Amino acid sequence: MILFRHPSLWIGLGATLAFAVLALTSIVWTPYPIAGIDIAVRFQWPSAAHWLGTDQLGRDMVSLIMAGTLTSFVVAALAVAIGAGIGVPLGLAAAAWGGPVEWLVLRMADFVFAFPAVVVAILAATLFGPGAMNAVLAIGIFNIPVFARVARGGALSIKTLDYVAAARLAGLGNWAVAFRHLLPNIASLIIVQSTIQLSQGILAEAGLSYIGLGTQPPATSLGLMLRDAQSLFLLHPWLTLVPGLCIVLIVIALNLAGDGLRDAIDPRLKRRGSPHATA
Amino acid sequence: MPLLEVKNLSVAFGPHVAVADISFALERGERFGIIGESGSGKTLTALSITGLLPEGAAMDGSISIDGVPLPTNEKAMARLRGKRIGMVFQEPMTALNPLMPIGDQIAEAIELSQTASVAHIEVPPLLKEVGLEARHAGRFAHQLSGGQRQRAMIAMALASKPDILIADEPTSALDLITQRRVLDLIAELCTRRQMALLFISHDLKAVATLCSRVAVMHDGVLVETGKAQSVFGAPRQNYTRRLVAATQFKVRPLARPPIGSPLLSVEGITRDYRQGGLPFFPAKALRAVDAVSFAINSAESLALVGPSGCGKTTLARIIVGLDRATSGQITLAGQVYHGSDLPNGLRRDVSLVFQDPFGSFDPQLTIEQSIAEPLRLEKGLTPDQRIDRLIEAVETVGLDAAMLRRHPHEFSGGQRQRLAIARALITKPRLLVLDEPVSALDMSVRGDVLALLARLQADFGLTYLIISHDLDMVRAIADRVMVMEAGRIIEEGKPGEIFANPQQKLTRELVAARLPELSG
């Protein structure tokens, strides 16, 4: 029912799911091992043996894309988990307590916003050395203030409603109000923001890997594939196009899914049938 | 030939028919009222006449002005709206442009109607006509009071010198005194300008004051049409009879426990709000409640009346422990508190019923979860006792225990207000604070909710503090009335005495603003 009324949600979720299945399959099976270097078959065009051809080291492109998509998804998803896991409680606390707590959360958010993810990643890489976990950390830290602000904004508008006052009358404290009443009522906002941050995370991971601060070989990611192929772009543009197009498609799919979700769970559409709507 | 003729009008949203086959006519200079409760289709009828139906609405039937059918072309319709029809909406704050001074908005309406090329000359007399001063022309919507905003809206509607003024609940967002003034203004303008009025309201008394002919709408159907006096004096349909009966707030006198000793006493409560200002240079504090002292006796109904913004809701929030007084103290059953420091042990003795039954339940929780929430104030209840208490509370307010599993959106406004009362009663409180308990409800269910409150008081010896601006409701249910103005209590006494012989200026205005009882 929802799917037919919101085609963009349907297309977006479908495409995202297709990429996710492809990525998850790479855990148990890829057509060729991704570390299988075979110089003899390098720079091949797509064929029955290698559906998307092979790269400069003779590795199978399909296998690389599958594994690379997995890395990108995992890094972005962990970063969203960090951002939402820390940011949402912070935002709720800001809304529920107000006053100095709110001031502190907002100034902390401003502080983190002042540093782009790249700067945080460079810092993490200098401290702990480059790697996928550093990308997770950098993007995750960048996600925290985004979620904190979304949660606070949503919770502030819920907080003025009578049922929150009723809960306070029933002796509920700030945490109880935040988790019993505020969180469930802003869940839809958080879900939509998560899909948007997921697509942002995939882009950020690609960027960090591209400048060498993210995933390290022999593991691979879509950003790392771009980096490996850039010096060969004029000779073999195919090697750049395949991972690049994958990133574009995944990001478009996630954005479509996010927009569709927002339309589908928009409270204004949900209220249909309530006496207010017909008054 | 009638000025406006509506024939077999139907409006449907897909399979749902909102307005079904209604016909009526409006003569020149006539004042016609449409009465209906929320969801009756009265607003959709008005929107069909102005061609402003929302997207997805399918209209059928014919509407003609001076015998000419309304144009189907949107551009021609817009020109017709600008010239022949003036419209006044319910909420002037959202109907006015917040970024444009009201003088400019009125001038724009004049220009669009093409009746004058020099709009700025026309604005001051128009402002004067609706009771505003020339200096108001430069103000923005948020700098005006609710009544002034509605006057500005009326000036815009008059700009084109329309033949028909359509007013959709123009006073339901205003308080009693302002409501009366705006109604008087509309009546005066219609007489002076020979303008026909289509007045849409749920308030029978307002319609009876203004209109000579009325129609009653119910579930999209015109139930009854006729002269105001005959419809209200001798209603022919059951539905109309119920509406007319509901305006009188007849609460059956019940055997009540005698009024006892003081339960709650308020001593010198003051609440200041500080807004804006810089650190070390605070802005001047706004005093919402100013040294208020009074006492409520057990099993008494005390009413607190006053215009909007007088501080009565702030006072109620302090008493129930949602806000904290800047100074002063409250004593409940021998314990002293100042508002939000109300000890948890005492919280179960005080409950609040909110004004808006739609905002007072969490849409994500079941009714059971919401109503059981205050039970956490009572330690050591077994699950069985909990369920017994829930069922008892719901059955006390006349609803079925099976409703506990459902979600708030499945209930009507009247049912939700009953459920809100059930939630307030579940801890078996001694004092129930009722903040405008029936003003958000439809006329026909107000009487039921008031009867329920009276029965509960008789059965359980409850003490009520009723916050309201509705003097008729207060007269029906209260033992004692306090009148509040600008944070202070200015007058106090028995409702019969105060309303018969008001001492203060504000009280006199409130009493004078009451709309006359339906004749007949």
# chains A, B, ... in the order shown; residues from 1 in each chain; ligands from 1
$ closest_atom_pairs --of "region 121-207 of chain A" --to "region 13-32 of chain A" --cutoff "12 Å" --atoms "only C-alpha atoms" --output "JSON lines"
{"residue": "A:Thr195", "atom": "CA", "partner": "A:Leu13", "partner_atom": "CA", "distance": 10.2}
{"residue": "A:Leu198", "atom": "CA", "partner": "A:Thr16", "partner_atom": "CA", "distance": 10.9}
{"residue": "A:Ser199", "atom": "CA", "partner": "A:Thr16", "partner_atom": "CA", "distance": 10.2}
$ interface_residues --of "chain B" --to "chain A" --cutoff "6 Å" --atoms "only C-alpha atoms" --output "number ranges by chain"
B: 38-39, 359-362, 374
$ write_last_selection --atoms "C-alpha atoms" --output "compact mmCIF listing (two decimals), in the first residue's frame"
# COMPACT_ATOMS: atom_id res chain seq x y z
CA SER B 38 -16.73 19.68 13.57
CA GLY B 39 -16.85 17.42 10.55
CA GLY B 359 -2.90 16.83 22.42
CA SER B 360 -3.21 15.17 25.79
CA PHE B 361 -2.57 11.57 24.71
CA ASP B 362 0.69 10.24 23.26
CA PRO B 374 0.08 8.17 36.99
$ select_by_dssp --residues "region 13-259 of chain A" --states "helix (DSSP H, G or I)" --output "ChimeraX atom specification"
/A:13-28,39-41,61-97,99-113,117-128,132-159,162-169,174-210,222-232,237-259
$ residues_around --residues "Val242 (chain A)" --least-positions-apart "6" --cutoff "12 Å" --atoms "only C-alpha atoms" --output "list of chain:residue names"
A:Pro46, A:Trp51, A:Leu52, A:Gly53, A:Thr54, A:Asp55, A:Met61, A:Val62, A:Leu64, A:Ile65, A:Met66, A:Gly68, A:Thr69, A:Leu222, A:Gly223, A:Met225, A:Leu226, A:Ala229, A:Phe233, A:His236, A:Val248, A:Leu249
$ residues_around --residues "Asp470 (chain B)" --least-positions-apart "4" --cutoff "9 Å" --atoms "only C-alpha atoms" --output "short mmCIF file (atom, residue, chain, number, x, y, z; two decimals) with N, CA and C atoms, in the first residue's frame"
data_model
loop_
_atom_site.label_atom_id
_atom_site.label_comp_id
_atom_site.auth_asym_id
_atom_site.auth_seq_id
_atom_site.Cartn_x
_atom_site.Cartn_y
_atom_site.Cartn_z
N LEU B 176 -14.08 35.94 25.30
CA LEU B 176 -15.50 36.29 25.35
C LEU B 176 -15.79 37.75 25.00
N VAL B 305 -12.25 32.67 36.44
CA VAL B 305 -12.56 33.15 35.11
C VAL B 305 -11.75 34.41 34.82
N GLU B 436 -10.26 24.68 31.16
CA GLU B 436 -11.22 24.77 30.06
C GLU B 436 -11.67 23.37 29.63
N SER B 439 -14.18 23.50 26.42
CA SER B 439 -14.23 24.51 25.36
C SER B 439 -13.74 23.97 24.03
N VAL B 474 -19.64 28.06 33.85
CA VAL B 474 -19.26 28.31 35.25
C VAL B 474 -20.51 28.40 36.12
N ARG B 475 -21.50 29.10 35.62
CA ARG B 475 -22.73 29.25 36.40
C ARG B 475 -23.37 27.89 36.66
N ARG B 514 -21.74 38.30 27.45
CA ARG B 514 -22.45 37.03 27.26
C ARG B 514 -23.49 37.19 26.17
#
$ select_by_dssp --residues "region 17-265 of chain B" --states "strand (DSSP E or B)" --output "PDB file with N, CA and C atoms, in the first residue's frame"
ATOM      1  N   VAL B  17     -18.152  10.946   1.297  1.00  0.00           N
ATOM      2  CA  VAL B  17     -18.975  12.107   0.962  1.00  0.00           C
ATOM      3  C   VAL B  17     -19.015  13.048   2.164  1.00  0.00           C
ATOM      4  N   ALA B  18     -18.475  14.275   2.003  1.00  0.00           N
ATOM      5  CA  ALA B  18     -18.391  15.211   3.123  1.00  0.00           C
ATOM      6  C   ALA B  18     -19.598  16.144   3.158  1.00  0.00           C
ATOM      7  N   VAL B  19     -20.102  16.508   1.969  1.00  0.00           N
ATOM      8  CA  VAL B  19     -21.291  17.351   1.875  1.00  0.00           C
ATOM      9  C   VAL B  19     -22.225  16.660   0.897  1.00  0.00           C
ATOM     10  N   ALA B  20     -23.473  16.411   1.297  1.00  0.00           N
ATOM     11  CA  ALA B  20     -24.358  15.617   0.459  1.00  0.00           C
ATOM     12  C   ALA B  20     -25.596  16.415   0.068  1.00  0.00           C
ATOM     13  N   ASP B  21     -25.629  16.843  -1.192  1.00  0.00           N
ATOM     14  CA  ASP B  21     -26.864  17.325  -1.802  1.00  0.00           C
ATOM     15  C   ASP B  21     -27.544  18.422  -0.980  1.00  0.00           C
ATOM     16  N   ILE B  22     -26.854  19.539  -0.751  1.00  0.00           N
ATOM     17  CA  ILE B  22     -27.497  20.602   0.013  1.00  0.00           C
ATOM     18  C   ILE B  22     -27.867  21.760  -0.916  1.00  0.00           C
ATOM     19  N   SER B  23     -28.956  22.425  -0.608  1.00  0.00           N
ATOM     20  CA  SER B  23     -29.436  23.560  -1.402  1.00  0.00           C
ATOM     21  C   SER B  23     -29.878  24.663  -0.460  1.00  0.00           C
ATOM     22  N   PHE B  24     -29.498  25.891  -0.768  1.00  0.00           N
ATOM     23  CA  PHE B  24     -30.037  27.030  -0.036  1.00  0.00           C
ATOM     24  C   PHE B  24     -29.832  28.286  -0.875  1.00  0.00           C
ATOM     25  N   ALA B  25     -30.481  29.364  -0.483  1.00  0.00           N
ATOM     26  CA  ALA B  25     -30.356  30.605  -1.236  1.00  0.00           C
ATOM     27  C   ALA B  25     -30.171  31.749  -0.247  1.00  0.00           C
ATOM     28  N   LEU B  26     -29.511  32.784  -0.721  1.00  0.00           N
ATOM     29  CA  LEU B  26     -29.206  33.925   0.136  1.00  0.00           C
ATOM     30  C   LEU B  26     -29.668  35.176  -0.612  1.00  0.00           C
ATOM     31  N   ARG B  31     -28.917  37.961   6.417  1.00  0.00           N
ATOM     32  CA  ARG B  31     -27.900  37.321   7.247  1.00  0.00           C
ATOM     33  C   ARG B  31     -28.304  35.884   7.497  1.00  0.00           C
ATOM     34  N   PHE B  32     -27.488  34.981   6.944  1.00  0.00           N
ATOM     35  CA  PHE B  32     -27.816  33.564   6.971  1.00  0.00           C
ATOM     36  C   PHE B  32     -26.732  32.817   7.730  1.00  0.00           C
ATOM     37  N   GLY B  33     -27.128  31.954   8.641  1.00  0.00           N
ATOM     38  CA  GLY B  33     -26.141  31.222   9.435  1.00  0.00           C
ATOM     39  C   GLY B  33     -26.179  29.735   9.162  1.00  0.00           C
ATOM     40  N   ILE B  34     -24.994  29.116   9.075  1.00  0.00           N
ATOM     41  CA  ILE B  34     -24.937  27.657   8.978  1.00  0.00           C
ATOM     42  C   ILE B  34     -24.335  27.143  10.276  1.00  0.00           C
ATOM     43  N   ILE B  35     -25.074  26.269  10.957  1.00  0.00           N
ATOM     44  CA  ILE B  35     -24.620  25.720  12.233  1.00  0.00           C
ATOM     45  C   ILE B  35     -24.212  24.276  12.018  1.00  0.00           C
ATOM     46  N   ALA B  57     -10.768  17.181  -3.652  1.00  0.00           N
ATOM     47  CA  ALA B  57     -12.199  17.250  -3.381  1.00  0.00           C
ATOM     48  C   ALA B  57     -12.946  17.337  -4.710  1.00  0.00           C
ATOM     49  N   ALA B  58     -13.979  16.522  -4.854  1.00  0.00           N
ATOM     50  CA  ALA B  58     -14.776  16.548  -6.077  1.00  0.00           C
ATOM     51  C   ALA B  58     -16.113  17.214  -5.768  1.00  0.00           C
ATOM     52  N   MET B  59     -16.442  18.273  -6.558  1.00  0.00           N
ATOM     53  CA  MET B  59     -17.659  19.025  -6.292  1.00  0.00           C
ATOM     54  C   MET B  59     -18.714  18.693  -7.329  1.00  0.00           C
ATOM     55  N   ASP B  60     -19.959  18.658  -6.890  1.00  0.00           N
ATOM     56  CA  ASP B  60     -21.050  18.400  -7.807  1.00  0.00           C
ATOM     57  C   ASP B  60     -22.194  19.344  -7.440  1.00  0.00           C
ATOM     58  N   GLY B  61     -23.036  19.711  -8.422  1.00  0.00           N
ATOM     59  CA  GLY B  61     -24.130  20.626  -8.147  1.00  0.00           C
ATOM     60  C   GLY B  61     -23.808  21.999  -8.716  1.00  0.00           C
ATOM     61  N   SER B  62     -24.654  22.990  -8.440  1.00  0.00           N
ATOM     62  CA  SER B  62     -24.408  24.298  -9.039  1.00  0.00           C
ATOM     63  C   SER B  62     -24.490  25.399  -7.998  1.00  0.00           C
ATOM     64  N   ILE B  63     -23.622  26.406  -8.192  1.00  0.00           N
ATOM     65  CA  ILE B  63     -23.624  27.584  -7.334  1.00  0.00           C
ATOM     66  C   ILE B  63     -23.704  28.778  -8.270  1.00  0.00           C
ATOM     67  N   SER B  64     -24.652  29.683  -8.047  1.00  0.00           N
ATOM     68  CA  SER B  64     -24.707  30.840  -8.932  1.00  0.00           C
ATOM     69  C   SER B  64     -24.870  32.115  -8.120  1.00  0.00           C
ATOM     70  N   ILE B  65     -24.265  33.185  -8.641  1.00  0.00           N
ATOM     71  CA  ILE B  65     -24.404  34.508  -8.031  1.00  0.00           C
ATOM     72  C   ILE B  65     -25.160  35.378  -9.015  1.00  0.00           C
ATOM     73  N   VAL B  68     -25.921  33.835 -12.323  1.00  0.00           N
ATOM     74  CA  VAL B  68     -24.823  33.420 -13.201  1.00  0.00           C
ATOM     75  C   VAL B  68     -24.002  32.350 -12.473  1.00  0.00           C
ATOM     76  N   PRO B  69     -23.827  31.182 -13.109  1.00  0.00           N
ATOM     77  CA  PRO B  69     -23.040  30.139 -12.439  1.00  0.00           C
ATOM     78  C   PRO B  69     -21.600  30.596 -12.203  1.00  0.00           C
ATOM     79  N   ILE B  85     -17.068  38.688  -3.249  1.00  0.00           N
ATOM     80  CA  ILE B  85     -17.131  37.916  -2.014  1.00  0.00           C
ATOM     81  C   ILE B  85     -15.999  38.338  -1.086  1.00  0.00           C
ATOM     82  N   GLY B  86     -16.334  38.659   0.175  1.00  0.00           N
ATOM     83  CA  GLY B  86     -15.300  38.899   1.174  1.00  0.00           C
ATOM     84  C   GLY B  86     -15.272  37.720   2.128  1.00  0.00           C
ATOM     85  N   MET B  87     -14.085  37.347   2.563  1.00  0.00           N
ATOM     86  CA  MET B  87     -14.021  36.191   3.451  1.00  0.00           C
ATOM     87  C   MET B  87     -13.246  36.488   4.724  1.00  0.00           C
ATOM     88  N   VAL B  88     -13.755  36.029   5.852  1.00  0.00           N
ATOM     89  CA  VAL B  88     -13.068  36.171   7.140  1.00  0.00           C
ATOM     90  C   VAL B  88     -12.874  34.762   7.700  1.00  0.00           C
ATOM     91  N   ILE B 164     -21.299  39.886  -0.654  1.00  0.00           N
ATOM     92  CA  ILE B 164     -21.461  38.786   0.290  1.00  0.00           C
ATOM     93  C   ILE B 164     -20.236  38.735   1.192  1.00  0.00           C
ATOM     94  N   LEU B 165     -20.480  38.649   2.487  1.00  0.00           N
ATOM     95  CA  LEU B 165     -19.374  38.427   3.417  1.00  0.00           C
ATOM     96  C   LEU B 165     -19.532  37.013   3.973  1.00  0.00           C
ATOM     97  N   ILE B 166     -18.474  36.201   3.791  1.00  0.00           N
ATOM     98  CA  ILE B 166     -18.511  34.854   4.348  1.00  0.00           C
ATOM     99  C   ILE B 166     -17.604  34.835   5.565  1.00  0.00           C
ATOM    100  N   ALA B 167     -18.153  34.506   6.714  1.00  0.00           N
ATOM    101  CA  ALA B 167     -17.356  34.477   7.936  1.00  0.00           C
ATOM    102  C   ALA B 167     -17.379  33.061   8.491  1.00  0.00           C
ATOM    103  N   ASP B 168     -16.206  32.413   8.530  1.00  0.00           N
ATOM    104  CA  ASP B 168     -16.118  31.026   8.989  1.00  0.00           C
ATOM    105  C   ASP B 168     -15.561  31.008  10.408  1.00  0.00           C
ATOM    106  N   ALA B 196     -24.853  40.984   2.288  1.00  0.00           N
ATOM    107  CA  ALA B 196     -25.374  39.700   2.733  1.00  0.00           C
ATOM    108  C   ALA B 196     -24.287  38.995   3.529  1.00  0.00           C
ATOM    109  N   LEU B 197     -24.707  38.252   4.563  1.00  0.00           N
ATOM    110  CA  LEU B 197     -23.729  37.573   5.413  1.00  0.00           C
ATOM    111  C   LEU B 197     -23.998  36.075   5.399  1.00  0.00           C
ATOM    112  N   LEU B 198     -22.944  35.304   5.168  1.00  0.00           N
ATOM    113  CA  LEU B 198     -23.032  33.863   5.349  1.00  0.00           C
ATOM    114  C   LEU B 198     -22.135  33.546   6.538  1.00  0.00           C
ATOM    115  N   PHE B 199     -22.757  33.238   7.666  1.00  0.00           N
ATOM    116  CA  PHE B 199     -22.024  33.088   8.919  1.00  0.00           C
ATOM    117  C   PHE B 199     -21.992  31.615   9.300  1.00  0.00           C
ATOM    118  N   ILE B 200     -20.760  31.104   9.479  1.00  0.00           N
ATOM    119  CA  ILE B 200     -20.612  29.680   9.739  1.00  0.00           C
ATOM    120  C   ILE B 200     -20.063  29.488  11.132  1.00  0.00           C
ATOM    121  N   SER B 201     -20.749  28.720  11.964  1.00  0.00           N
ATOM    122  CA  SER B 201     -20.300  28.609  13.341  1.00  0.00           C
ATOM    123  C   SER B 201     -20.855  27.348  13.986  1.00  0.00           C
ATOM    124  N   ARG B 213     -31.925  34.024   9.416  1.00  0.00           N
ATOM    125  CA  ARG B 213     -32.311  32.700   8.925  1.00  0.00           C
ATOM    126  C   ARG B 213     -31.139  31.756   9.157  1.00  0.00           C
ATOM    127  N   VAL B 214     -31.405  30.512   9.509  1.00  0.00           N
ATOM    128  CA  VAL B 214     -30.319  29.582   9.808  1.00  0.00           C
ATOM    129  C   VAL B 214     -30.554  28.232   9.150  1.00  0.00           C
ATOM    130  N   ALA B 215     -29.449  27.509   8.965  1.00  0.00           N
ATOM    131  CA  ALA B 215     -29.518  26.123   8.504  1.00  0.00           C
ATOM    132  C   ALA B 215     -28.682  25.297   9.464  1.00  0.00           C
ATOM    133  N   VAL B 216     -29.133  24.096   9.774  1.00  0.00           N
ATOM    134  CA  VAL B 216     -28.375  23.213  10.662  1.00  0.00           C
ATOM    135  C   VAL B 216     -27.805  22.079   9.822  1.00  0.00           C
ATOM    136  N   MET B 217     -26.497  21.884   9.901  1.00  0.00           N
ATOM    137  CA  MET B 217     -25.857  20.812   9.130  1.00  0.00           C
ATOM    138  C   MET B 217     -25.385  19.729  10.072  1.00  0.00           C
ATOM    139  N   HIS B 218     -25.529  18.481   9.619  1.00  0.00           N
ATOM    140  CA  HIS B 218     -25.070  17.352  10.428  1.00  0.00           C
ATOM    141  C   HIS B 218     -24.625  16.254   9.465  1.00  0.00           C
ATOM    142  N   VAL B 221     -25.276  16.798   5.734  1.00  0.00           N
ATOM    143  CA  VAL B 221     -26.652  16.960   5.264  1.00  0.00           C
ATOM    144  C   VAL B 221     -27.279  18.167   5.959  1.00  0.00           C
ATOM    145  N   LEU B 222     -28.095  18.944   5.224  1.00  0.00           N
ATOM    146  CA  LEU B 222     -28.841  20.033   5.842  1.00  0.00           C
ATOM    147  C   LEU B 222     -30.021  19.406   6.589  1.00  0.00           C
ATOM    148  N   VAL B 223     -29.996  19.512   7.911  1.00  0.00           N
ATOM    149  CA  VAL B 223     -31.037  18.860   8.701  1.00  0.00           C
ATOM    150  C   VAL B 223     -32.291  19.718   8.750  1.00  0.00           C
ATOM    151  N   GLU B 224     -32.079  21.017   8.905  1.00  0.00           N
ATOM    152  CA  GLU B 224     -33.223  21.890   9.114  1.00  0.00           C
ATOM    153  C   GLU B 224     -32.874  23.298   8.644  1.00  0.00           C
ATOM    154  N   THR B 225     -33.799  23.968   7.968  1.00  0.00           N
ATOM    155  CA  THR B 225     -33.587  25.345   7.552  1.00  0.00           C
ATOM    156  C   THR B 225     -34.819  26.144   7.929  1.00  0.00           C
ATOM    157  N   GLY B 226     -34.622  27.403   8.272  1.00  0.00           N
ATOM    158  CA  GLY B 226     -35.794  28.210   8.578  1.00  0.00           C
ATOM    159  C   GLY B 226     -35.399  29.493   9.275  1.00  0.00           C
ATOM    160  N   LYS B 227     -36.396  30.264   9.707  1.00  0.00           N
ATOM    161  CA  LYS B 227     -36.154  31.481  10.461  1.00  0.00           C
ATOM    162  C   LYS B 227     -35.471  31.123  11.770  1.00  0.00           C
ATOM    163  N   PRO B 262     -10.781  23.907  54.531  1.00  0.00           N
ATOM    164  CA  PRO B 262      -9.873  24.206  53.412  1.00  0.00           C
ATOM    165  C   PRO B 262      -8.957  23.033  53.092  1.00  0.00           C
ATOM    166  N   LEU B 263      -8.843  22.682  51.792  1.00  0.00           N
ATOM    167  CA  LEU B 263      -7.987  21.587  51.346  1.00  0.00           C
ATOM    168  C   LEU B 263      -6.663  22.144  50.851  1.00  0.00           C
ATOM    169  N   LEU B 264      -6.759  23.225  50.079  1.00  0.00           N
ATOM    170  CA  LEU B 264      -5.563  23.804  49.488  1.00  0.00           C
ATOM    171  C   LEU B 264      -5.612  25.303  49.710  1.00  0.00           C
ATOM    172  N   SER B 265      -4.489  25.866  50.193  1.00  0.00           N
ATOM    173  CA  SER B 265      -4.499  27.316  50.290  1.00  0.00           C
ATOM    174  C   SER B 265      -3.276  27.884  49.584  1.00  0.00           C
TER     175      SER B 265
END
$ closest_residue --among "B:Val244, B:Leu158, B:Val207, B:Leu404" --to "Thr171 (chain B)" --atoms "only C-alpha atoms"
B:Val207
$ atom_distance --atom1 "CA of Pro145 (chain A)" --atom2 "CA of Gly87 (chain A)"
6.0 Å
$ residues_around --residues "Ile196 (chain A)" --least-positions-apart "5" --cutoff "10 Å" --atoms "only C-alpha atoms" --output "PyMOL selection string"
chain A and resi 80+190-191+201+251+254-259
$ residues_around --residues "Ile139 (chain A)" --least-positions-apart "2" --cutoff "10 Å" --atoms "only C-alpha atoms" --output "VMD selection string"
chain A and resid 75 to 76 78 to 80 82 to 83 116 to 118 120 to 121 133 to 137 141 to 144 197 200 to 202 204 to 205 208
$ closest_residue --among "B:Gly493, B:Gly260, B:Pro235, B:Pro92" --to "Asp479 (chain B)" --atoms "only C-alpha atoms"
B:Gly493
$ residues_around --residues "Gly447 (chain B)" --least-positions-apart "3" --cutoff "8 Å" --atoms "only C-alpha atoms" --output "ChimeraX atom specification"
/B:246,249-251,443-444,450-451
$ atom_distance --atom1 "CA of Ala253 (chain A)" --atom2 "CA of Gly12 (chain A)"
4.2 Å
$ closest_residue --among "B:Leu70, B:Ala316, B:Leu377, B:Ala206" --to "Leu304 (chain B)" --atoms "only C-alpha atoms"
B:Ala316
